[in-house]
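Next comes start_29.cif, with mmCIF, C-alpha atoms and all ligand atoms.
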data_structure
loop_
_atom_site.label_atom_id
_atom_site.label_comp_id
_atom_site.auth_asym_id
_atom_site.auth_seq_id
_atom_site.Cartn_x
_atom_site.Cartn_y
_atom_site.Cartn_z
CA MET Q 72 211.98 -40.65 16.35
CA THR Q 73 210.88 -38.27 19.07
CA GLU Q 74 207.16 -38.05 19.72
CA LYS Q 75 205.29 -35.13 18.29
CA THR Q 76 203.88 -32.58 20.69
CA GLU Q 77 200.12 -32.35 20.85
CA ILE Q 78 199.16 -28.69 20.58
CA ILE Q 79 195.53 -28.98 21.71
CA GLY Q 80 195.69 -28.85 25.48
CA LEU Q 81 198.79 -26.64 25.75
CA SER Q 82 198.17 -23.30 27.42
CA ARG Q 83 198.88 -20.26 25.28
CA ASN Q 84 202.14 -19.62 27.14
CA GLU Q 85 203.20 -23.23 26.79
CA LEU Q 86 202.55 -23.01 23.06
CA ILE Q 87 204.58 -19.83 22.75
CA GLU Q 88 207.43 -21.46 24.63
CA LYS Q 89 207.32 -24.75 22.70
CA LEU Q 90 207.21 -23.00 19.36
CA SER Q 91 210.09 -20.72 20.28
CA GLU Q 92 212.27 -23.84 20.53
CA TYR Q 93 211.76 -24.15 16.78
CA GLY Q 94 212.42 -20.49 16.07
CA PHE Q 95 208.84 -19.24 15.95
CA GLU Q 96 208.40 -15.74 17.32
CA SER Q 97 205.65 -15.21 19.85
CA PHE Q 98 203.42 -13.33 17.41
CA ARG Q 99 203.51 -16.37 15.14
CA ALA Q 100 202.51 -18.58 18.05
CA LYS Q 101 199.57 -16.26 18.66
CA GLN Q 102 198.55 -16.56 15.02
CA ILE Q 103 198.69 -20.33 15.26
CA TRP Q 104 196.62 -20.20 18.45
CA GLN Q 105 194.00 -18.17 16.60
CA TRP Q 106 194.02 -20.50 13.61
CA ILE Q 107 193.17 -23.35 15.95
CA TYR Q 108 190.79 -21.71 18.40
CA VAL Q 109 189.16 -18.94 16.36
CA LYS Q 110 189.12 -20.40 12.87
CA GLY Q 111 189.02 -24.09 13.74
CA ALA Q 112 192.01 -25.18 11.65
CA THR Q 113 192.53 -28.94 11.71
CA GLU Q 114 195.66 -28.98 9.50
CA PHE Q 115 198.75 -26.80 9.50
CA SER Q 116 198.31 -26.37 5.74
CA GLN Q 117 195.17 -24.32 6.40
CA MET Q 118 197.22 -21.69 8.23
CA THR Q 119 197.75 -19.46 5.23
CA SER Q 120 199.43 -16.65 7.16
CA ILE Q 121 202.24 -19.07 8.06
CA ALA Q 122 204.91 -19.69 5.40
CA LYS Q 123 204.78 -23.10 3.71
CA LYS Q 124 208.19 -24.01 5.09
CA GLN Q 125 207.08 -23.25 8.60
CA GLN Q 126 203.84 -25.20 8.11
CA ALA Q 127 205.95 -28.20 7.16
CA MET Q 128 208.12 -27.76 10.22
CA LEU Q 129 205.02 -27.63 12.41
CA GLY Q 130 203.81 -30.87 10.86
CA GLU Q 131 207.12 -32.52 11.63
CA HIS Q 132 207.08 -31.73 15.32
CA PHE Q 133 203.47 -31.11 16.33
CA THR Q 134 200.00 -32.61 15.95
CA LEU Q 135 196.52 -31.13 16.06
CA THR Q 136 194.68 -34.33 16.94
CA ARG Q 137 191.06 -34.19 17.95
CA PRO Q 138 189.05 -37.08 19.41
CA LYS Q 139 187.47 -39.25 16.70
CA ILE Q 140 183.71 -39.35 16.28
CA SER Q 141 182.52 -42.95 16.72
CA ARG Q 142 178.85 -42.11 16.47
CA ALA Q 143 176.77 -38.94 16.15
CA LEU Q 144 173.04 -38.86 16.92
CA THR Q 145 170.41 -36.13 16.74
CA SER Q 146 167.25 -36.29 18.86
CA VAL Q 147 163.79 -35.33 17.60
CA ASP Q 148 164.11 -32.25 19.84
CA GLY Q 149 167.42 -31.17 18.28
CA THR Q 150 169.66 -32.42 21.10
CA ARG Q 151 172.83 -33.94 19.71
CA LYS Q 152 175.02 -36.62 21.16
CA TRP Q 153 178.45 -37.72 20.10
CA LEU Q 154 180.32 -40.81 21.15
CA LEU Q 155 183.96 -39.81 20.98
CA GLU Q 156 187.00 -42.00 20.88
CA MET Q 157 190.18 -40.69 22.48
CA SER Q 158 193.61 -41.43 21.09
CA ASP Q 159 194.00 -44.48 23.37
CA GLY Q 160 190.69 -45.97 22.25
CA ASN Q 161 188.69 -44.99 25.32
CA LYS Q 162 185.25 -43.56 24.68
CA ILE Q 163 183.15 -40.82 26.22
CA GLU Q 164 179.85 -39.18 25.44
CA MET Q 165 179.18 -35.50 24.86
CA VAL Q 166 175.82 -33.78 24.43
CA PHE Q 167 174.74 -30.46 22.91
CA ILE Q 168 171.43 -29.02 24.06
CA PRO Q 169 170.17 -26.24 21.78
CA GLU Q 170 167.66 -23.66 22.93
CA GLU Q 171 166.06 -20.81 21.06
CA ASP Q 172 168.95 -18.38 21.05
CA ARG Q 173 171.62 -20.26 22.95
CA GLY Q 174 172.86 -23.73 23.59
CA ALA Q 175 174.97 -25.61 26.09
CA LEU Q 176 177.55 -28.26 25.50
CA CYS Q 177 177.62 -30.90 28.23
CA VAL Q 178 181.26 -31.88 28.54
CA SER Q 179 182.76 -34.97 30.17
CA SER Q 180 185.72 -34.84 32.54
CA GLN Q 181 186.50 -38.53 33.05
CA VAL Q 182 186.03 -41.87 31.33
CA GLY Q 183 183.60 -43.36 33.85
CA CYS Q 184 183.49 -42.11 37.44
CA THR Q 185 184.99 -43.17 40.76
CA LEU Q 186 181.77 -42.31 42.51
CA THR Q 187 178.76 -44.56 42.51
CA CYS Q 188 175.71 -42.36 42.89
CA SER Q 189 172.90 -44.87 42.91
CA PHE Q 190 170.63 -43.07 40.39
CA CYS Q 191 173.34 -42.30 37.80
CA HIS Q 192 174.15 -44.48 34.84
CA THR Q 193 177.73 -43.22 34.63
CA GLY Q 194 178.12 -44.31 38.25
CA THR Q 195 177.70 -47.93 37.18
CA MET Q 196 180.91 -47.61 35.15
CA PRO Q 197 184.23 -47.83 36.94
CA LEU Q 198 186.63 -44.96 36.48
CA VAL Q 199 188.83 -45.85 33.55
CA ARG Q 200 190.91 -42.71 33.46
CA ASN Q 201 190.92 -38.96 33.84
CA LEU Q 202 190.56 -37.01 30.64
CA THR Q 203 193.54 -34.86 29.73
CA ALA Q 204 193.23 -31.14 29.01
CA SER Q 205 193.58 -32.09 25.36
CA ASP Q 206 190.65 -34.55 25.55
CA ILE Q 207 188.50 -31.91 27.22
CA VAL Q 208 189.34 -29.03 24.85
CA GLY Q 209 188.97 -31.53 21.97
CA GLN Q 210 185.31 -31.96 22.88
CA ILE Q 211 184.66 -28.26 22.40
CA LEU Q 212 186.46 -28.29 19.04
CA ILE Q 213 184.43 -31.28 17.83
CA ALA Q 214 181.19 -29.57 18.82
CA ARG Q 215 182.16 -26.38 16.96
CA ASP Q 216 182.99 -28.51 13.91
CA GLY Q 217 179.72 -30.44 14.11
CA LEU Q 218 177.62 -27.33 14.59
CA GLU Q 219 179.52 -25.58 11.80
CA GLU Q 220 180.06 -22.48 13.88
CA TRP Q 221 183.69 -21.59 13.20
CA ASP Q 222 182.92 -19.05 10.53
CA LYS Q 223 179.79 -17.60 12.03
CA ARG Q 224 179.53 -14.27 13.78
CA ARG Q 225 179.47 -14.75 17.53
CA GLU Q 226 175.90 -13.47 17.84
CA ASP Q 227 174.76 -16.08 15.32
CA CYS Q 228 176.30 -19.00 17.21
CA LEU Q 229 174.09 -21.39 19.16
CA PHE Q 230 176.97 -22.88 21.12
CA THR Q 231 177.20 -20.26 23.85
CA ASN Q 232 177.55 -22.17 27.11
CA ILE Q 233 179.45 -25.04 28.63
CA VAL Q 234 178.30 -27.26 31.45
CA MET Q 235 180.79 -29.65 33.02
CA MET Q 236 177.99 -32.15 33.62
CA GLY Q 237 178.92 -35.05 31.39
CA MET Q 238 180.63 -38.22 32.51
CA GLY Q 239 182.82 -38.00 35.56
CA GLU Q 240 183.45 -35.82 38.59
CA PRO Q 241 185.30 -32.71 37.41
CA LEU Q 242 186.74 -31.84 40.82
CA PHE Q 243 188.43 -35.24 40.96
CA ASN Q 244 190.30 -34.25 37.83
CA TYR Q 245 190.82 -30.64 38.79
CA ASP Q 246 194.19 -29.91 37.17
CA ASN Q 247 193.18 -31.09 33.72
CA VAL Q 248 189.73 -29.51 33.94
CA ALA Q 249 191.23 -26.20 35.11
CA LYS Q 250 193.82 -26.18 32.35
CA ALA Q 251 191.19 -26.97 29.72
CA LEU Q 252 188.84 -24.28 30.99
CA GLN Q 253 191.64 -21.69 30.97
CA ILE Q 254 192.24 -22.52 27.31
CA ILE Q 255 188.52 -22.32 26.53
CA MET Q 256 188.13 -18.98 28.38
CA ASP Q 257 191.19 -17.39 26.72
CA GLY Q 258 190.02 -14.13 25.15
CA GLU Q 259 192.13 -14.62 22.03
CA GLY Q 260 190.75 -18.06 21.34
CA ILE Q 261 187.42 -19.76 21.94
CA ALA Q 262 186.67 -17.02 24.49
CA ILE Q 263 183.69 -18.50 26.30
CA SER Q 264 183.51 -16.46 29.48
CA LYS Q 265 183.44 -17.87 33.00
CA ARG Q 266 179.88 -16.55 33.29
CA ARG Q 267 178.83 -19.01 30.60
CA ILE Q 268 180.54 -22.00 32.14
CA THR Q 269 179.01 -24.10 34.92
CA LEU Q 270 180.88 -26.80 36.76
CA SER Q 271 178.78 -29.43 38.48
CA THR Q 272 180.16 -31.36 41.42
CA SER Q 273 178.81 -34.09 43.61
CA GLY Q 274 180.47 -32.21 46.48
CA VAL Q 275 184.26 -32.50 46.56
CA VAL Q 276 184.38 -29.94 49.36
CA PRO Q 277 188.16 -29.27 49.57
CA MET Q 278 188.31 -28.30 45.88
CA ILE Q 279 185.34 -25.94 45.78
CA GLU Q 280 187.08 -22.82 47.05
CA ARG Q 281 190.00 -23.30 44.68
CA CYS Q 282 187.62 -23.70 41.77
CA GLY Q 283 185.97 -20.39 42.65
CA ASN Q 284 189.24 -18.51 43.16
CA GLU Q 285 191.12 -19.82 40.17
CA LEU Q 286 188.39 -20.34 37.59
CA GLY Q 287 185.49 -18.21 38.84
CA VAL Q 288 183.00 -20.32 36.92
CA ASN Q 289 179.41 -20.90 38.00
CA LEU Q 290 178.98 -23.71 40.46
CA ALA Q 291 176.31 -26.40 40.48
CA ILE Q 292 175.98 -28.83 43.36
CA SER Q 293 174.40 -32.24 42.98
CA LEU Q 294 172.54 -32.13 46.28
CA HIS Q 295 169.63 -34.54 45.69
CA ALA Q 296 168.88 -35.13 49.38
CA VAL Q 297 168.43 -32.97 52.45
CA ARG Q 298 169.39 -35.52 55.11
CA ASP Q 299 172.74 -37.22 55.45
CA GLU Q 300 171.26 -40.73 55.87
CA LEU Q 301 169.66 -40.53 52.43
CA ARG Q 302 172.43 -38.55 50.74
CA ASP Q 303 174.94 -41.16 51.94
CA ILE Q 304 173.08 -43.61 49.69
CA LEU Q 305 172.24 -41.40 46.73
CA VAL Q 306 175.55 -39.53 46.58
CA PRO Q 307 178.01 -41.64 48.56
CA ILE Q 308 180.73 -38.98 48.66
CA ASN Q 309 178.45 -37.49 51.30
CA LYS Q 310 179.94 -39.94 53.80
CA LYS Q 311 183.20 -38.09 53.42
CA TYR Q 312 181.84 -34.57 53.01
CA PRO Q 313 178.41 -34.35 54.66
CA ILE Q 314 175.72 -31.80 53.81
CA LYS Q 315 176.73 -29.28 56.48
CA GLU Q 316 180.32 -29.06 55.24
CA LEU Q 317 179.18 -28.92 51.65
CA LEU Q 318 176.82 -26.02 52.30
CA GLU Q 319 179.49 -24.20 54.27
CA ALA Q 320 181.76 -24.38 51.23
CA CYS Q 321 178.89 -23.03 49.11
CA ARG Q 322 178.33 -20.14 51.50
CA ASN Q 323 181.98 -19.23 51.03
CA TYR Q 324 182.13 -19.83 47.26
CA PRO Q 325 184.21 -16.92 45.99
CA ALA Q 326 182.45 -16.52 42.64
CA ALA Q 327 178.87 -16.49 43.91
CA ASN Q 328 176.75 -13.41 44.43
CA ASN Q 329 173.17 -12.38 43.88
CA ALA Q 330 173.64 -12.13 40.14
CA ARG Q 331 175.54 -15.42 39.93
CA ARG Q 332 173.81 -17.85 42.16
CA ILE Q 333 174.86 -21.41 42.93
CA THR Q 334 172.61 -24.01 41.32
CA PHE Q 335 171.49 -26.88 43.51
CA GLU Q 336 170.56 -29.88 41.39
CA TYR Q 337 167.89 -32.08 42.83
CA VAL Q 338 166.82 -35.23 41.03
CA MET Q 339 163.18 -36.10 41.65
CA LEU Q 340 162.91 -39.72 42.81
CA LYS Q 341 159.45 -41.08 43.51
CA GLY Q 342 158.86 -41.74 47.18
CA ILE Q 343 162.53 -41.23 48.03
CA ASN Q 344 163.35 -37.51 48.25
CA ASP Q 345 160.25 -35.75 46.89
CA SER Q 346 157.97 -35.07 49.89
CA ASP Q 347 156.74 -31.67 51.07
CA ASN Q 348 158.92 -32.16 54.14
CA ASP Q 349 161.97 -32.59 51.93
CA ALA Q 350 161.10 -29.37 50.13
CA HIS Q 351 160.73 -27.45 53.40
CA GLU Q 352 164.02 -28.83 54.69
CA LEU Q 353 165.71 -27.85 51.43
CA VAL Q 354 164.52 -24.29 51.87
CA ARG Q 355 165.83 -24.26 55.41
CA LEU Q 356 169.24 -25.56 54.36
CA LEU Q 357 169.66 -23.02 51.57
CA LYS Q 358 168.88 -20.00 53.73
CA GLY Q 359 171.59 -17.39 53.32
CA ILE Q 360 173.10 -18.93 50.20
CA HIS Q 361 172.84 -17.21 46.81
CA ALA Q 362 171.03 -20.21 45.44
CA LYS Q 363 168.64 -21.45 42.82
CA VAL Q 364 167.30 -24.96 42.61
CA ASN Q 365 167.17 -27.06 39.49
CA LEU Q 366 164.67 -29.88 39.77
CA ILE Q 367 165.65 -32.71 37.46
CA PRO Q 368 163.06 -35.35 36.60
CA PHE Q 369 164.82 -38.67 37.08
CA ASN Q 370 165.90 -40.12 33.76
CA PRO Q 371 165.61 -43.88 33.74
CA TRP Q 372 168.23 -46.28 32.45
CA PRO Q 373 168.16 -50.08 32.17
CA ASP Q 374 167.67 -51.71 35.60
CA ALA Q 375 167.74 -48.38 37.42
CA PRO Q 376 166.45 -48.85 40.96
CA TYR Q 377 164.31 -45.66 40.96
CA GLU Q 378 161.30 -44.09 39.30
CA CYS Q 379 160.66 -40.47 38.50
CA SER Q 380 158.27 -38.52 40.72
CA SER Q 381 154.89 -37.67 39.21
CA ARG Q 382 154.40 -34.32 37.51
CA ASN Q 383 152.07 -33.17 40.24
CA ARG Q 384 154.57 -34.09 42.94
CA ILE Q 385 157.35 -32.22 41.17
CA ARG Q 386 155.04 -29.20 40.77
CA ALA Q 387 154.09 -29.26 44.48
CA PHE Q 388 157.77 -29.53 45.48
CA ALA Q 389 158.71 -26.67 43.16
CA ASP Q 390 155.91 -24.49 44.55
CA ILE Q 391 157.23 -24.81 48.11
CA VAL Q 392 160.78 -23.93 47.05
CA ASN Q 393 159.54 -21.06 44.88
CA ALA Q 394 157.35 -19.66 47.61
CA ALA Q 395 160.44 -19.39 49.82
CA GLY Q 396 162.05 -17.12 47.23
CA PHE Q 397 164.31 -19.58 45.42
CA SER Q 398 163.82 -19.94 41.72
CA SER Q 399 163.25 -23.64 41.06
CA PRO Q 400 162.70 -24.44 37.41
CA VAL Q 401 162.02 -28.03 36.46
CA ARG Q 402 164.67 -29.04 33.98
CA ALA Q 403 163.19 -30.06 30.66
CA THR Q 404 164.17 -33.58 29.76
CA ARG Q 405 166.04 -33.39 26.49
CA GLY Q 406 167.32 -35.99 24.10
CA GLN Q 407 165.78 -38.96 25.86
CA ASP Q 408 165.18 -40.81 22.58
CA ILE Q 409 168.93 -40.89 21.99
CA PHE Q 410 169.75 -41.55 25.65
CA ALA Q 411 171.39 -38.16 26.05
CA ALA Q 412 169.57 -36.90 29.14
CA CYS Q 413 171.25 -36.16 32.49
CA GLY Q 414 172.70 -39.24 34.09
CA GLN Q 415 172.20 -41.46 31.05
CA LEU Q 416 175.70 -41.15 29.65
CA LYS Q 417 177.79 -44.27 29.60
CA SER Q 418 180.26 -45.82 27.21
CA ASP Q 419 181.52 -49.34 26.87
CA SER Q 420 185.09 -48.39 27.81
CA GLU Q 421 186.35 -50.72 30.44
CA ARG Q 422 189.40 -50.83 32.56
CA LYS Q 423 191.59 -53.57 31.22
CA LYS Q 424 192.26 -56.41 33.60
CA GLY Q 425 194.98 -55.39 35.99
CA GLN Q 426 195.19 -51.87 34.54
CA LYS Q 427 195.82 -49.34 37.27
CA VAL Q 428 193.82 -46.13 37.26
CA VAL Q 429 196.21 -43.32 36.45
CA LEU Q 430 195.15 -40.20 38.34
N1 LIG C 1 179.77 -35.70 38.51
C1 LIG C 1 179.20 -34.42 38.48
C2 LIG C 1 178.79 -33.95 37.11
C3 LIG C 1 178.11 -34.94 36.20
S1 LIG C 1 176.47 -35.49 36.58
C4 LIG C 1 178.04 -34.35 39.42
O1 LIG C 1 177.61 -35.37 39.91
O2 LIG C 1 177.58 -33.25 39.67
C5 LIG C 1 175.39 -34.19 36.01
C6 LIG C 1 174.06 -34.14 36.77
O3 LIG C 1 173.14 -35.18 36.37
C7 LIG C 1 174.26 -34.31 38.26
O4 LIG C 1 173.48 -33.39 38.98
C8 LIG C 1 173.73 -35.71 38.46
O5 LIG C 1 173.38 -35.90 39.79
C9 LIG C 1 172.56 -35.75 37.51
N2 LIG C 1 172.08 -37.09 37.23
C10 LIG C 1 172.78 -38.24 37.28
N3 LIG C 1 171.99 -39.29 36.96
C11 LIG C 1 170.76 -38.80 36.70
C12 LIG C 1 169.52 -39.40 36.28
N4 LIG C 1 169.42 -40.70 36.06
N5 LIG C 1 168.47 -38.58 36.08
C13 LIG C 1 168.59 -37.25 36.27
N6 LIG C 1 169.73 -36.64 36.65
C14 LIG C 1 170.81 -37.40 36.87
FE1 LIG C 2 179.78 -39.58 39.06
FE2 LIG C 2 178.23 -37.36 38.97
FE3 LIG C 2 177.25 -39.76 38.20
FE4 LIG C 2 177.75 -39.31 40.77
S1 LIG C 2 176.23 -38.24 39.49
S2 LIG C 2 178.30 -41.16 39.64
S3 LIG C 2 179.58 -38.01 40.66
S4 LIG C 2 178.91 -38.62 37.22
#
Do you think you could lay out the structure here as structure tokens?
Amino acid sequence: MTEKTEIIGLSRNELIEKLSEYGFESFRAKQIWQWIYVKGATEFSQMTSIAKKQQAMLGEHFTLTRPKISRALTSVDGTRKWLLEMSDGNKIEMVFIPEEDRGALCVSSQVGCTLTCSFCHTGTMPLVRNLTASDIVGQILIARDGLEEWDKRREDCLFTNIVMMGMGEPLFNYDNVAKALQIIMDGEGIAISKRRITLSTSGVVPMIERCGNELGVNLAISLHAVRDELRDILVPINKKYPIKELLEACRNYPAANNARRITFEYVMLKGINDSDNDAHELVRLLKGIHAKVNLIPFNPWPDAPYECSSRNRIRAFADIVNAAGFSSPVRATRGQDIFAACGQLKSDSERKKGQKVVL
């Protein structure tokens, strides 16, 4: 028996092409696309505009598999976290952060991470594998299911934004992330615009320009330190792409302008990177970049080697950055009771002994 083709994760053109092999005209393929990405169909039998015979044929050759929900938790503040199991048994976490009239889904790009940022829980996990485009789009579908937003009018939906800030380094899995985001941005499907998508990177410099040109999404940079000696420890990829090169790539980011500034994420670590001098140096470094700063109170995890800066210290740091004309909100810590805050995501997926990482 030949393997069935997984539809989730195919681009719209790939779907049209694949379906044409079975005699479906392109307008039918478009209908199927809309059933999946506008109406949230999980079975071919729900596609009532497709003849029964054709539904059966679809079932014979294609699947609509989504990741399985292993566990779903809701925080006292409304933040939701799902532990999802992929078709090969690997697990990732995904978080939805609701706000008054909007909400962001924090999406993972890898099972684990190759990088080992010293303050990040995910960084203590080895990279198990890259997520496929299907795994990534599947996360969005699961969130829409869980939030029951398929049938709502767009203006009534809370799931408005996507942040690629879950587990993994998205620019180390660029092809799959790009393909997934193209599917998610497609105007005839989920249609979340590039202005509502933010990709966060620890600083994979050679991929930044391509990301801006091809995807045009908002960029967030995990800066966290203003001197190379310290950033080498906190964000070790800095040894390969130091601060100067990283900021040069930001200056040239094709999708940034005054209305769409680059976010610099800065985790507040007590006594490590939170002095007034650090704040002044940050301001100096960001000069000339369309930038805003997001100060993230450090979220602890078991045996983490850092503490969070005091509220007063964070305030003083923010005041210096603000006074220099950069907006610098302190990110509210959300979902801590369910371990869903930034940098707390981890799953028990492990690389099997001897298993090679497939990249
Ligand atoms: N790998 C990408 C995206 C995922 S991390 C990146 O590093 O940008 C999302 C954000 O959470 C990053 O800015 C990361 O530095 C931050 N983060 C990681 N661990 C954290 C922790 N314990 N407390 C607060 N923020 C953390
Ligand atoms: Fe990976 Fe980002 Fe965590 Fe660093 S902060 S270990 S790049 S997920």
Exercise. Kindly indicate which residue among Q:Gln253, Q:Ser420, Q:Ser180, Q:Asn383 lies nearest to ligand LIG 1 (chain C), using only C-alpha atoms and all ligand atoms for the distances.
Key: Q:Ser180
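Between Lys310 in chain Q and the residues Q:Glu352, Q:Val199, Q:Ile268, Q:Leu186, the shortest atom-to-atom distance, using only C-alpha atoms, involves Q:Leu186.
With a cut-off of 7 Å and using only C-alpha atoms and all ligand atoms, the polymer residues contacting ligand LIG 2 (chain C) are Q:Cys184, Q:Thr185, Q:Leu186, Q:Thr187, Q:Cys188, Q:Cys191, Q:His192, Q:Thr193, Q:Gly194, Q:Gly237, Q:Met238, Q:Gly239, Q:Glu240, Q:Thr272, Q:Ser273, Q:Val306, Q:Gly414.
Here CA of Asp345 in chain Q and CA of Met235 in chain Q stand 25.5 Å from one another.
With CA of Asp159 in chain Q on one side and CA of Asp216 in chain Q on the other, the separation reads 21.6 Å.
Closest approach to ligand LIG 1 (chain C) among Q:Asp148, Q:Asp374, Q:Glu219, Q:Asp299 is made by Q:Asp374 (distances from all atoms listed in the file).
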Quiz item: How many Å separate CA of Ile103 in chain Q from CA of Phe115 in chain Q?
Solution: 8.7 Å
Practice problem: Mind checking which residues fall within 8 Å of Gly260 in chain Q, counting all atoms listed in the file, ignoring those fewer than 4 positions away in the same chain, and posting them as number ranges by chain? | Solution: Q: 104-105, 107-109, 254-256
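Candidate residues Q:Gly287, Q:Pro400, Q:Gly149, Q:Gly111 were compared for distance to Lys223 in chain Q, and the nearest is Q:Gly111, using only C-alpha atoms.
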Selection near Trp153 in chain Q, 9 Å with all atoms listed in the file, sequence-local residues under 2 positions removed, as a PDB file with C-alpha atoms, keeping the file's coordinate frame:
ATOM      1  CA  ILE Q 140     183.710 -39.350  16.280  1.00  0.00           C
ATOM      2  CA  SER Q 141     182.520 -42.950  16.720  1.00  0.00           C
ATOM      3  CA  ARG Q 142     178.850 -42.110  16.470  1.00  0.00           C
ATOM      4  CA  ALA Q 143     176.770 -38.940  16.150  1.00  0.00           C
ATOM      5  CA  LEU Q 144     173.040 -38.860  16.920  1.00  0.00           C
ATOM      6  CA  THR Q 145     170.410 -36.130  16.740  1.00  0.00           C
ATOM      7  CA  ARG Q 151     172.830 -33.940  19.710  1.00  0.00           C
ATOM      8  CA  LEU Q 155     183.960 -39.810  20.980  1.00  0.00           C
ATOM      9  CA  ILE Q 163     183.150 -40.820  26.220  1.00  0.00           C
ATOM     10  CA  GLU Q 164     179.850 -39.180  25.440  1.00  0.00           C
ATOM     11  CA  MET Q 165     179.180 -35.500  24.860  1.00  0.00           C
ATOM     12  CA  VAL Q 166     175.820 -33.780  24.430  1.00  0.00           C
ATOM     13  CA  PHE Q 167     174.740 -30.460  22.910  1.00  0.00           C
ATOM     14  CA  ALA Q 214     181.190 -29.570  18.820  1.00  0.00           C
TER      15      ALA Q 214
END
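Between ligand LIG 1 (chain C) and the residues Q:Glu378, Q:Glu336, Q:Asp390, Q:Glu88, the shortest atom-to-atom distance, using all atoms listed in the file, involves Q:Glu336.
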Quiz item: With all atoms listed in the file as the basis for distance, which of Q:Lys341, Q:Lys152, Q:Arg355, Q:Arg215 is at the shortest distance from Gly406 in chain Q?
Solution: Q:Lys152
Box dimensions and centre (Å, one decimal) enclosing range 93-96 of chain Q, axis-aligned, 5 Å extra per side, as lines of an AutoDock Vina configuration file:
center_x = 210.4
center_y = -19.9
center_z = 16.6
size_x = 14.0
size_y = 18.4
size_z = 11.4
Quiz item: Using all atoms listed in the file, which residues sit within 8 Å of Ser205 in chain Q once same-chain residues fewer than 5 positions away are excluded, as an MDAnalysis selection string?
Solution: chainID Q and resid 77 79:81 251
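A search radius of 12 Å centred on (183.9, -34.8, 50.2), applied to all atoms listed in the file, returns the residues Leu186, Glu240, Leu242, Phe243, Thr272, Ser273, Gly274, Val275, Val276, Pro277, Met278, Ile279, Asp303, Val306, Pro307, Ile308, Asn309, Lys310, Lys311, Tyr312, Pro313, Ile314, Lys315, Glu316, Leu317, Leu318 and Ala320 of chain Q.
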Quiz item: Which protein, DNA or RNA residues are at most 7 Å from (163.5, -30.7, 42.5) in the file's coordinates when you count only C-alpha atoms, listed as JSON, numbers by chain?
Solution: {"Q": [337, 338, 339, 364, 365, 366, 367, 385, 388, 389, 401]}
Kindly reconstruct range 78-89 of chain Q with N, CA and C atoms and present the result as an mmCIF file, in the coordinates of the input.
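What follows is the written file rebuild20.cif:
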data_model
loop_
_atom_site.group_PDB
_atom_site.id
_atom_site.type_symbol
_atom_site.label_atom_id
_atom_site.label_comp_id
_atom_site.auth_asym_id
_atom_site.auth_seq_id
_atom_site.Cartn_x
_atom_site.Cartn_y
_atom_site.Cartn_z
ATOM 1 N N ILE Q 78 199.368 -30.119 20.289
ATOM 2 C CA ILE Q 78 199.160 -28.690 20.580
ATOM 3 C C ILE Q 78 197.876 -28.460 21.372
ATOM 4 N N ILE Q 79 196.799 -29.164 20.994
ATOM 5 C CA ILE Q 79 195.530 -28.980 21.710
ATOM 6 C C ILE Q 79 195.766 -29.416 23.158
ATOM 7 N N GLY Q 80 195.459 -28.497 24.072
ATOM 8 C CA GLY Q 80 195.690 -28.850 25.480
ATOM 9 C C GLY Q 80 196.882 -28.121 26.066
ATOM 10 N N LEU Q 81 197.722 -27.504 25.214
ATOM 11 C CA LEU Q 81 198.790 -26.640 25.750
ATOM 12 C C LEU Q 81 198.183 -25.285 26.068
ATOM 13 N N SER Q 82 198.613 -24.660 27.150
ATOM 14 C CA SER Q 82 198.170 -23.300 27.420
ATOM 15 C C SER Q 82 198.814 -22.376 26.391
ATOM 16 N N ARG Q 83 198.314 -21.159 26.309
ATOM 17 C CA ARG Q 83 198.880 -20.260 25.280
ATOM 18 C C ARG Q 83 200.365 -20.003 25.547
ATOM 19 N N ASN Q 84 200.721 -19.841 26.824
ATOM 20 C CA ASN Q 84 202.140 -19.620 27.140
ATOM 21 C C ASN Q 84 202.994 -20.830 26.828
ATOM 22 N N GLU Q 85 202.444 -22.010 27.111
ATOM 23 C CA GLU Q 85 203.200 -23.230 26.790
ATOM 24 C C GLU Q 85 203.425 -23.326 25.287
ATOM 25 N N LEU Q 86 202.412 -22.945 24.519
ATOM 26 C CA LEU Q 86 202.550 -23.010 23.060
ATOM 27 C C LEU Q 86 203.631 -22.034 22.587
ATOM 28 N N ILE Q 87 203.582 -20.828 23.133
ATOM 29 C CA ILE Q 87 204.580 -19.830 22.750
ATOM 30 C C ILE Q 87 205.984 -20.358 23.035
ATOM 31 N N GLU Q 88 206.120 -20.958 24.223
ATOM 32 C CA GLU Q 88 207.430 -21.460 24.630
ATOM 33 C C GLU Q 88 207.895 -22.626 23.753
ATOM 34 N N LYS Q 89 206.986 -23.565 23.525
ATOM 35 C CA LYS Q 89 207.320 -24.750 22.700
ATOM 36 C C LYS Q 89 207.727 -24.334 21.297
#
